[in-house]
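Engineer: Here it is, the structure in full.
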Amino acid sequence: MLLTGGRGDAARPTAPARWSVELESRTSAPARHRPLKVRADEPALTDEPFVYWSGDSAVQPLTAGEISGLRLFLSLGGVVLVDDAGPSDDGTPGAFGRTARAEIARVLPDTTPIAIGSEHVIFRSFYLLRRAAGRVLGTRTLDAIVRGGKAAVVFSEHDLGGALAKGASGAWEFSVSPGGEIQREQAIRLSVNIAMYVLCSNYKDDQVHAPFLMRRRAFVPEPGSEP
Amino acid sequence: MNTVSRLATSADLPTWAIVVAVALAACNLALLLIELRRRERGGAGILFTGVLAIVALVLAVLRPVRVAAKENIVGPRVVVLADTSRSMALADGAAGSGAGTRAAARDRAIAAINVRASDARLVVLGFGDGAPTPFDVGGGHSDRAVRSDLASAIQALAASPDERPRAVIVVSDGRLDNPTADASPAALRALGRTLGVPVHAIATTRDAPADASIRKVAAAGVAVAHVAFPLHIEVGCAGGLPCDELKVTAKELREDGPPSLLASGTVHVKDGKGAVDLMVTLERAGSRILDVSLVSPPGDTIPENDRRLVTFDVARERVRVLHVAGRPTDDVRALREWLKSDASVDVVAFFILRTPTDNPHADQQDLALIPFPVDELFSEDLPTFDAVVLQDFDAQPYGLEKHLPALARYVRGGGGLIMVGGPNSFIGGGYADTPLGNAVGVLPVALDSSPNATASDPVSFEPSWTEQGRAAPLLAPLRAIVGDELPAMPGTNVLGDARPGTVVLWSHPSRTTPNGKPMPVLAVGEAGDGRTIALGLDGAWRLEFSPLGARTAGRGYGALWSGLLGWLMRDPRFEPAQVEVVGGCTAGLPVTLRVHTLPEVAHSPSRSLSVDVAPLEKESAASGKSSPVHREVVADAAGTTELSLPPLAAGGYVARLHVGASGTTRRDFACEAGGDEWADSRPDGARLRELAEASGGAFAWASDGVSGIPLPSPTTVSAERHVAPVAPPWVWTVSAAILLGAHWIARRRGGLA
């Protein structure tokens, strides 16, 4: 979990652990059960290739050290998931989403996020997904800064962590709307797909998968009937 | 040397003065004869004194001298160019003629020339490959040259500072590489004019032996691995051998087993020759030996040229890698991204994303998962890959176990295998008691197959560089980036002792093998024609993501894998040395290997090299026709060394060069019984005749004798020349005056003025 601007914790601190559990139980991928917290200006940022940056309030401007750290991390091929924990129900970015994008723009000044939909490999890295979903349904797509053909920074305006977060009692911390538990399952699947994308890169873009996936796409319900 | 003496005119007279004097004397004599008609008497006296006076006047002008000298008759320099190519070892004439070899006919012809040209200075040189060399008639070993390049020999004579010969006599069977059979008359004339002297020719052989042969094997363009290419095969029948159709086959010699049949076909022979194109595909890059053979028809007298062994240097367009991973991890991600980033690598990847115990909470149609085509990949598709990477992959649950024998054969046949660590690799993946990891397995390290064997050690550690690792060219790019430093690794697979020939590059700092040696962590080795690598950790990605990775911009990871894959594919950059066979290899003749070591090897303290040469065909080794050869030598500081090998039998060979601590490299090569020189056994007297006629020389068949070959005449050379006047000049002058006076008196008495 990436921490910046003097914050001591992420907005959805229990989400990463749940994410790991879901990843391990559903896939062959290993996961860290106790996710680490790392500050953007710490050398430890470059110890792992994936960081999860979530928040529900505006981000303080990144320091020069934080910008430098994130640049180095991204230059090594690391992936950042920016998860807005405070979007509106229609997916309009909250304060965190807006300011985080602005800060990422300072880290990677010559890049622009683009929308990535079901045609992107993230949406088929494990599950075949038609759209993005989190605690809020939001937009159908994610945004991403693509460098060298790979999504280096992924922006979610769906509060993905909100759908994953579980309290100490084992109960979900937040209700999911408007789709309820079906939408939560879609959020879990999206989180699994993001993790598999980080671990497998564009593996599912390989030509060998194409005929299988095209056949299966044909069986997936039309977008209008999807939760 | 004889001493001779003769008269001459005074040396100070120019030639024109002598001519003028003689002409004037002739005129005087004519006038004297005319005047004699008007005499009244005494005609005999007038004529006698007149002639004496004219002679005296001429002698007074010429002033004769006596020349004494020692003279010698020097014979003309005649160069005999004797064909020393391998084709001269063939029979002279048709089968059953009872004649010896063409070389014997050549030697007899040269002996006859020697007798006939007793006045000539005969120089006998042998021609074959390049400039001619002194030739010992009947001295043996005279038919070893793998080419018959007459043109180069003549050009070398022309360029030589030695005395230019007055004539050249070529003694050959006429089956020449240069000038070629299709050389134009103009080219032959130009060759004949090179020396400016006649080139005579003596053909040793008239009749072709009964022989069917493969005359030529050629590939259009470059042979590229995995790409079918046409192999153009020309065959011929001569000497009255009945052969309308000949069956030909193309096989690849392999160290791991019998030759593999690549293609076969039938050649229709018309007018004694025919050709066929066979489509062949070579799956492995590097030097590959093809055995192209025909089925001999009855009566074939030269079976050796029914088989050609051709070395192809197979290029690689792209490296095809099969990347199989047991689960997605950071290490898998790093390797995949590196493989995909290299445009020269064609990756086919299969990752196990879901195990049987995982529950995705979804129908199959909602999953982007496809069946793992293990049977297809490891049976029919396997030969199409240059390398297989098994990364953290358990062989048992996914049906790979039954394909491991085929995978081991694939490696021994020239394929590359890398096993990358993780909980499901090596012992943990059940490879210990398989053709990959058992006592004769292809992996470079032994694996403990006991039930209680420890599969892995989760304790973090930093691998240690071994001496061989520091010297290995394949890790030189990595060392240039990280030096001696390596990142901490999150545990290791437990590996056993290195097999013989294995090079351990990294070892564990504290764990040891059953033999008490530091446990290998990264080891490379050879198995048959192929190579294998054991990387007993799944933390190589930390060359990108770690403090060391951050300091080096993550370049170490790419450098490591570039070296590993490059070494596996025998990239010359990562070979400790290059081996070449100097002048090719001909069965029965000594062989020279030239070794070029890398600069770092040449400058290292330990420059010891050893080479093991063994036949590729196990049958040859088993029958004792070809014995393994071992040689040791110390490389010179320049990095180039030559090794002499004893004569080898016909067949394919692999030369393995062990370069100190830097590892091993290999070179496959072929030794042919006759090679190109025996491919076409027909003599070609017509070409010799054309060459002789083009240069103004004579042609003769050796069996007809050499009397028809004209030899230049000798030259006289004078020495110790002494010149003395016959008489002093005043004697000639006074004599002329007295005789003129006597003539004047005789004229007056005869009534002439």
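The way I read the labels, and the way they are meant: chains A, B, ... in the order of the structure tokens, residue 1 as the first residue of every chain, and ligand 1 as the first ligand shown, with later ones counted on from there.
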Can you pull out the residues contacting Pro458 (chain B)? Cut-off 7 Å, using only C-alpha atoms, and skip same-chain residues under 3 positions away; I want them as JSON, numbers by chain.
Structural biologist: {"B": [490, 491, 492]}
Engineer: Set the distance at 7 Å and use only C-alpha atoms: which residues neighbour region 498-514 of chain B once local chain neighbours fewer than 2 positions away are removed? I'd like the list as a VMD selection string.
Structural biologist: chain B and resid 444 to 446 463 to 466 468 to 469 496 516 to 525 663
Engineer: Deliver the residues from the most recent selection as a file, using C-alpha atoms, as an mmCIF file, in the first residue's frame.
Structural biologist:
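This went into out37.cif:
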data_model
loop_
_atom_site.group_PDB
_atom_site.id
_atom_site.type_symbol
_atom_site.label_atom_id
_atom_site.label_comp_id
_atom_site.auth_asym_id
_atom_site.auth_seq_id
_atom_site.Cartn_x
_atom_site.Cartn_y
_atom_site.Cartn_z
ATOM 1 C CA PRO B 444 23.343 -30.062 -14.997
ATOM 2 C CA VAL B 445 22.867 -30.910 -11.317
ATOM 3 C CA ALA B 446 21.876 -34.046 -9.457
ATOM 4 C CA PRO B 463 24.282 -16.123 -4.055
ATOM 5 C CA SER B 464 28.074 -16.302 -4.256
ATOM 6 C CA TRP B 465 29.986 -15.960 -7.491
ATOM 7 C CA THR B 466 32.191 -18.940 -8.247
ATOM 8 C CA GLN B 468 33.913 -20.079 -13.102
ATOM 9 C CA GLY B 469 31.051 -17.641 -12.786
ATOM 10 C CA GLY B 496 22.643 -31.613 -5.623
ATOM 11 C CA GLY B 516 30.408 -31.334 0.710
ATOM 12 C CA LYS B 517 30.748 -28.765 -2.017
ATOM 13 C CA PRO B 518 28.933 -25.424 -2.044
ATOM 14 C CA MET B 519 25.443 -26.040 -3.378
ATOM 15 C CA PRO B 520 24.978 -24.845 -6.947
ATOM 16 C CA VAL B 521 22.427 -22.119 -7.430
ATOM 17 C CA LEU B 522 23.091 -21.396 -11.085
ATOM 18 C CA ALA B 523 24.706 -24.108 -13.177
ATOM 19 C CA VAL B 524 25.035 -24.744 -16.890
ATOM 20 C CA GLY B 525 25.835 -27.983 -18.641
ATOM 21 C CA GLY B 663 33.317 -23.510 -19.866
#
Engineer: List every residue of chain B that has an atom at most 8 Å from any atom of chain A, giving for each one its closest atom pair and the distance in Å to one decimal, counting only C-alpha atoms, sorted by chain and then by ascending residue number, as CSV.
Structural biologist:
residue,atom,partner,partner_atom,distance
B:Arg327,CA,A:Ser28,CA,5.4
B:Pro328,CA,A:Ala29,CA,5.2
B:Thr329,CA,A:Leu199,CA,5.5
B:Asp330,CA,A:Leu199,CA,5.8
B:Val332,CA,A:Cys200,CA,7.0
B:Arg333,CA,A:Leu199,CA,5.0
B:Arg336,CA,A:Cys200,CA,7.5
B:Glu337,CA,A:Ser201,CA,7.1
B:Val348,CA,A:Val208,CA,7.9
B:Ala349,CA,A:Tyr203,CA,7.4
B:Ile352,CA,A:Ser28,CA,7.0
B:Leu353,CA,A:Ser28,CA,5.1
B:Arg354,CA,A:Thr27,CA,4.7
B:Thr355,CA,A:Ser28,CA,5.7
B:Asp358,CA,A:Arg26,CA,4.9
B:Asn359,CA,A:Arg26,CA,4.7
B:Pro360,CA,A:Arg26,CA,4.2
B:His361,CA,A:Arg26,CA,7.3
B:Gln365,CA,A:Arg216,CA,5.5
B:Asp366,CA,A:Leu128,CA,5.2
B:Leu367,CA,A:Tyr127,CA,4.3
B:Ala368,CA,A:Phe126,CA,5.1
B:Leu369,CA,A:Phe126,CA,6.6
B:Ile370,CA,A:Phe212,CA,6.6
B:Arg542,CA,A:Asp47,CA,7.5
B:Glu544,CA,A:Leu76,CA,6.5
B:Phe545,CA,A:Asp47,CA,4.7
B:Ser546,CA,A:Asp47,CA,4.6
B:Pro547,CA,A:Pro43,CA,7.0
B:Ala550,CA,A:Thr46,CA,6.5
B:Ala553,CA,A:Leu76,CA,6.4
B:Gly554,CA,A:Leu76,CA,6.0
Engineer: Tell me, as a short mmCIF file (atom, residue, chain, number, x, y, z; two decimals) with N, CA and C atoms, in the first residue's frame, which residues lie within 9 Å of Ala85 (chain A), counting only C-alpha atoms; anything in the same chain fewer than 5 positions away does not count.
Structural biologist:
data_model
loop_
_atom_site.label_atom_id
_atom_site.label_comp_id
_atom_site.auth_asym_id
_atom_site.auth_seq_id
_atom_site.Cartn_x
_atom_site.Cartn_y
_atom_site.Cartn_z
N ALA A 11 -7.01 4.36 2.59
CA ALA A 11 -8.43 4.56 2.87
C ALA A 11 -9.12 3.23 3.17
N ARG A 12 -8.70 2.17 2.56
CA ARG A 12 -9.32 0.85 2.75
C ARG A 12 -8.24 -0.11 3.22
N SER A 54 -4.74 4.14 -2.50
CA SER A 54 -6.15 4.48 -2.37
C SER A 54 -6.31 5.64 -1.40
N GLY A 55 -7.43 6.33 -1.51
CA GLY A 55 -7.69 7.44 -0.62
C GLY A 55 -9.11 7.93 -0.81
N ASP A 56 -9.58 8.65 0.20
CA ASP A 56 -10.93 9.20 0.11
C ASP A 56 -10.93 10.70 0.29
N SER A 57 -9.77 11.29 0.30
CA SER A 57 -9.69 12.75 0.40
C SER A 57 -8.54 13.23 -0.47
N GLY A 94 -13.80 11.48 -7.02
CA GLY A 94 -13.83 12.26 -5.81
C GLY A 94 -12.57 13.10 -5.69
N PHE A 96 -9.90 12.56 -3.99
CA PHE A 96 -8.68 11.77 -4.12
C PHE A 96 -8.39 11.47 -5.60
N GLY A 97 -9.46 11.05 -6.28
CA GLY A 97 -9.25 10.69 -7.69
C GLY A 97 -8.72 11.85 -8.50
N ARG A 135 -17.16 -0.76 -5.35
CA ARG A 135 -18.25 -0.48 -4.41
C ARG A 135 -19.34 0.30 -5.11
N SER A 156 -8.92 3.67 -10.98
CA SER A 156 -10.27 3.15 -10.78
C SER A 156 -11.08 4.21 -10.05
N GLU A 157 -12.24 4.52 -10.59
CA GLU A 157 -13.17 5.45 -9.91
C GLU A 157 -14.35 4.65 -9.39
N HIS A 158 -14.04 3.44 -8.89
CA HIS A 158 -15.12 2.53 -8.47
C HIS A 158 -14.99 2.11 -7.01
N ASP A 159 -14.04 2.65 -6.31
CA ASP A 159 -13.76 2.22 -4.94
C ASP A 159 -13.67 0.69 -4.86
N LEU A 160 -12.71 0.22 -5.58
CA LEU A 160 -12.50 -1.23 -5.62
C LEU A 160 -12.22 -1.77 -4.21
N GLY A 161 -11.40 -1.01 -3.48
CA GLY A 161 -11.07 -1.43 -2.11
C GLY A 161 -12.30 -1.48 -1.23
N GLY A 162 -13.26 -0.60 -1.47
CA GLY A 162 -14.47 -0.59 -0.67
C GLY A 162 -15.26 -1.88 -0.82
#
Engineer: From a DSSP pass on the backbone, collect the residues of region 601-745 of chain B flagged as helix (DSSP H, G or I) and hand them back as a ChimeraX atom specification.
Structural biologist: /B:601-602,618-623,660-662,676-679,685-694,702-704,729-745
Engineer: Could you name the residues that touch region 747-753 of chain B at 6 Å or less, counting only C-alpha atoms, but leaving out those on the same chain fewer than 4 positions away, as an MDAnalysis selection string?
Structural biologist: chainID B and resid 39:42 46
Engineer: Would you list the contacts of region 407-418 of chain B as a ChimeraX atom specification, taking every protein, DNA or RNA residue within 10 Å and counting only C-alpha atoms, but skipping same-chain residues closer than 6 positions in sequence?
Structural biologist: /B:253-257,283-286,288,321-323,378-379,382-391,400-401,434-437,441-443,524,526-535,564-565,567-570
Engineer: Do you know which residues are at most 9 Å from Ala673 (chain B) counting only C-alpha atoms, after dropping those on the same chain fewer than 2 positions away, and could you put them as a list in words?
Structural biologist: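 Returned residues: Glu304, Asn305, Arg307, Arg308, Thr586, Ala587, Gly588, Ala649, Ala650, Gly651, Cys671, Gly675 and Trp678 of chain B.
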Engineer: Any chance you can output those residues with N, CA and C atoms as a compact mmCIF listing (two decimals), in the first residue's frame?
Structural biologist:
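Okay, part-v1.txt is ready:
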# COMPACT_ATOMS: atom_id res chain seq x y z
N GLU B 304 32.66 -44.98 -52.05
CA GLU B 304 32.91 -43.86 -51.12
C GLU B 304 32.17 -42.58 -51.52
N ASN B 305 31.98 -42.39 -52.83
CA ASN B 305 31.33 -41.14 -53.23
C ASN B 305 29.81 -41.29 -53.38
N ARG B 307 28.15 -41.27 -50.73
CA ARG B 307 27.71 -40.60 -49.51
C ARG B 307 28.47 -39.29 -49.37
N ARG B 308 27.75 -38.23 -49.21
CA ARG B 308 28.40 -36.94 -48.95
C ARG B 308 27.99 -36.48 -47.55
N THR B 586 39.55 -34.42 -44.32
CA THR B 586 39.47 -35.53 -45.26
C THR B 586 39.87 -36.80 -44.53
N ALA B 587 39.05 -37.81 -44.70
CA ALA B 587 39.30 -39.06 -43.99
C ALA B 587 40.69 -39.59 -44.32
N GLY B 588 41.36 -40.04 -43.27
CA GLY B 588 42.68 -40.63 -43.48
C GLY B 588 43.81 -39.64 -43.47
N ALA B 649 38.53 -41.37 -39.49
CA ALA B 649 37.75 -42.10 -40.49
C ALA B 649 36.62 -41.21 -40.99
N ALA B 650 36.04 -41.60 -42.12
CA ALA B 650 34.93 -40.83 -42.67
C ALA B 650 33.76 -40.85 -41.70
N GLY B 651 33.12 -39.68 -41.53
CA GLY B 651 31.97 -39.60 -40.64
C GLY B 651 31.84 -38.21 -40.04
N CYS B 671 34.12 -35.44 -41.83
CA CYS B 671 35.27 -35.91 -42.60
C CYS B 671 34.73 -36.79 -43.73
N GLY B 675 35.42 -36.39 -50.65
CA GLY B 675 34.95 -35.03 -50.75
C GLY B 675 34.64 -34.64 -52.18
N TRP B 678 36.28 -36.51 -55.19
CA TRP B 678 35.81 -37.82 -55.64
C TRP B 678 34.37 -37.78 -56.13
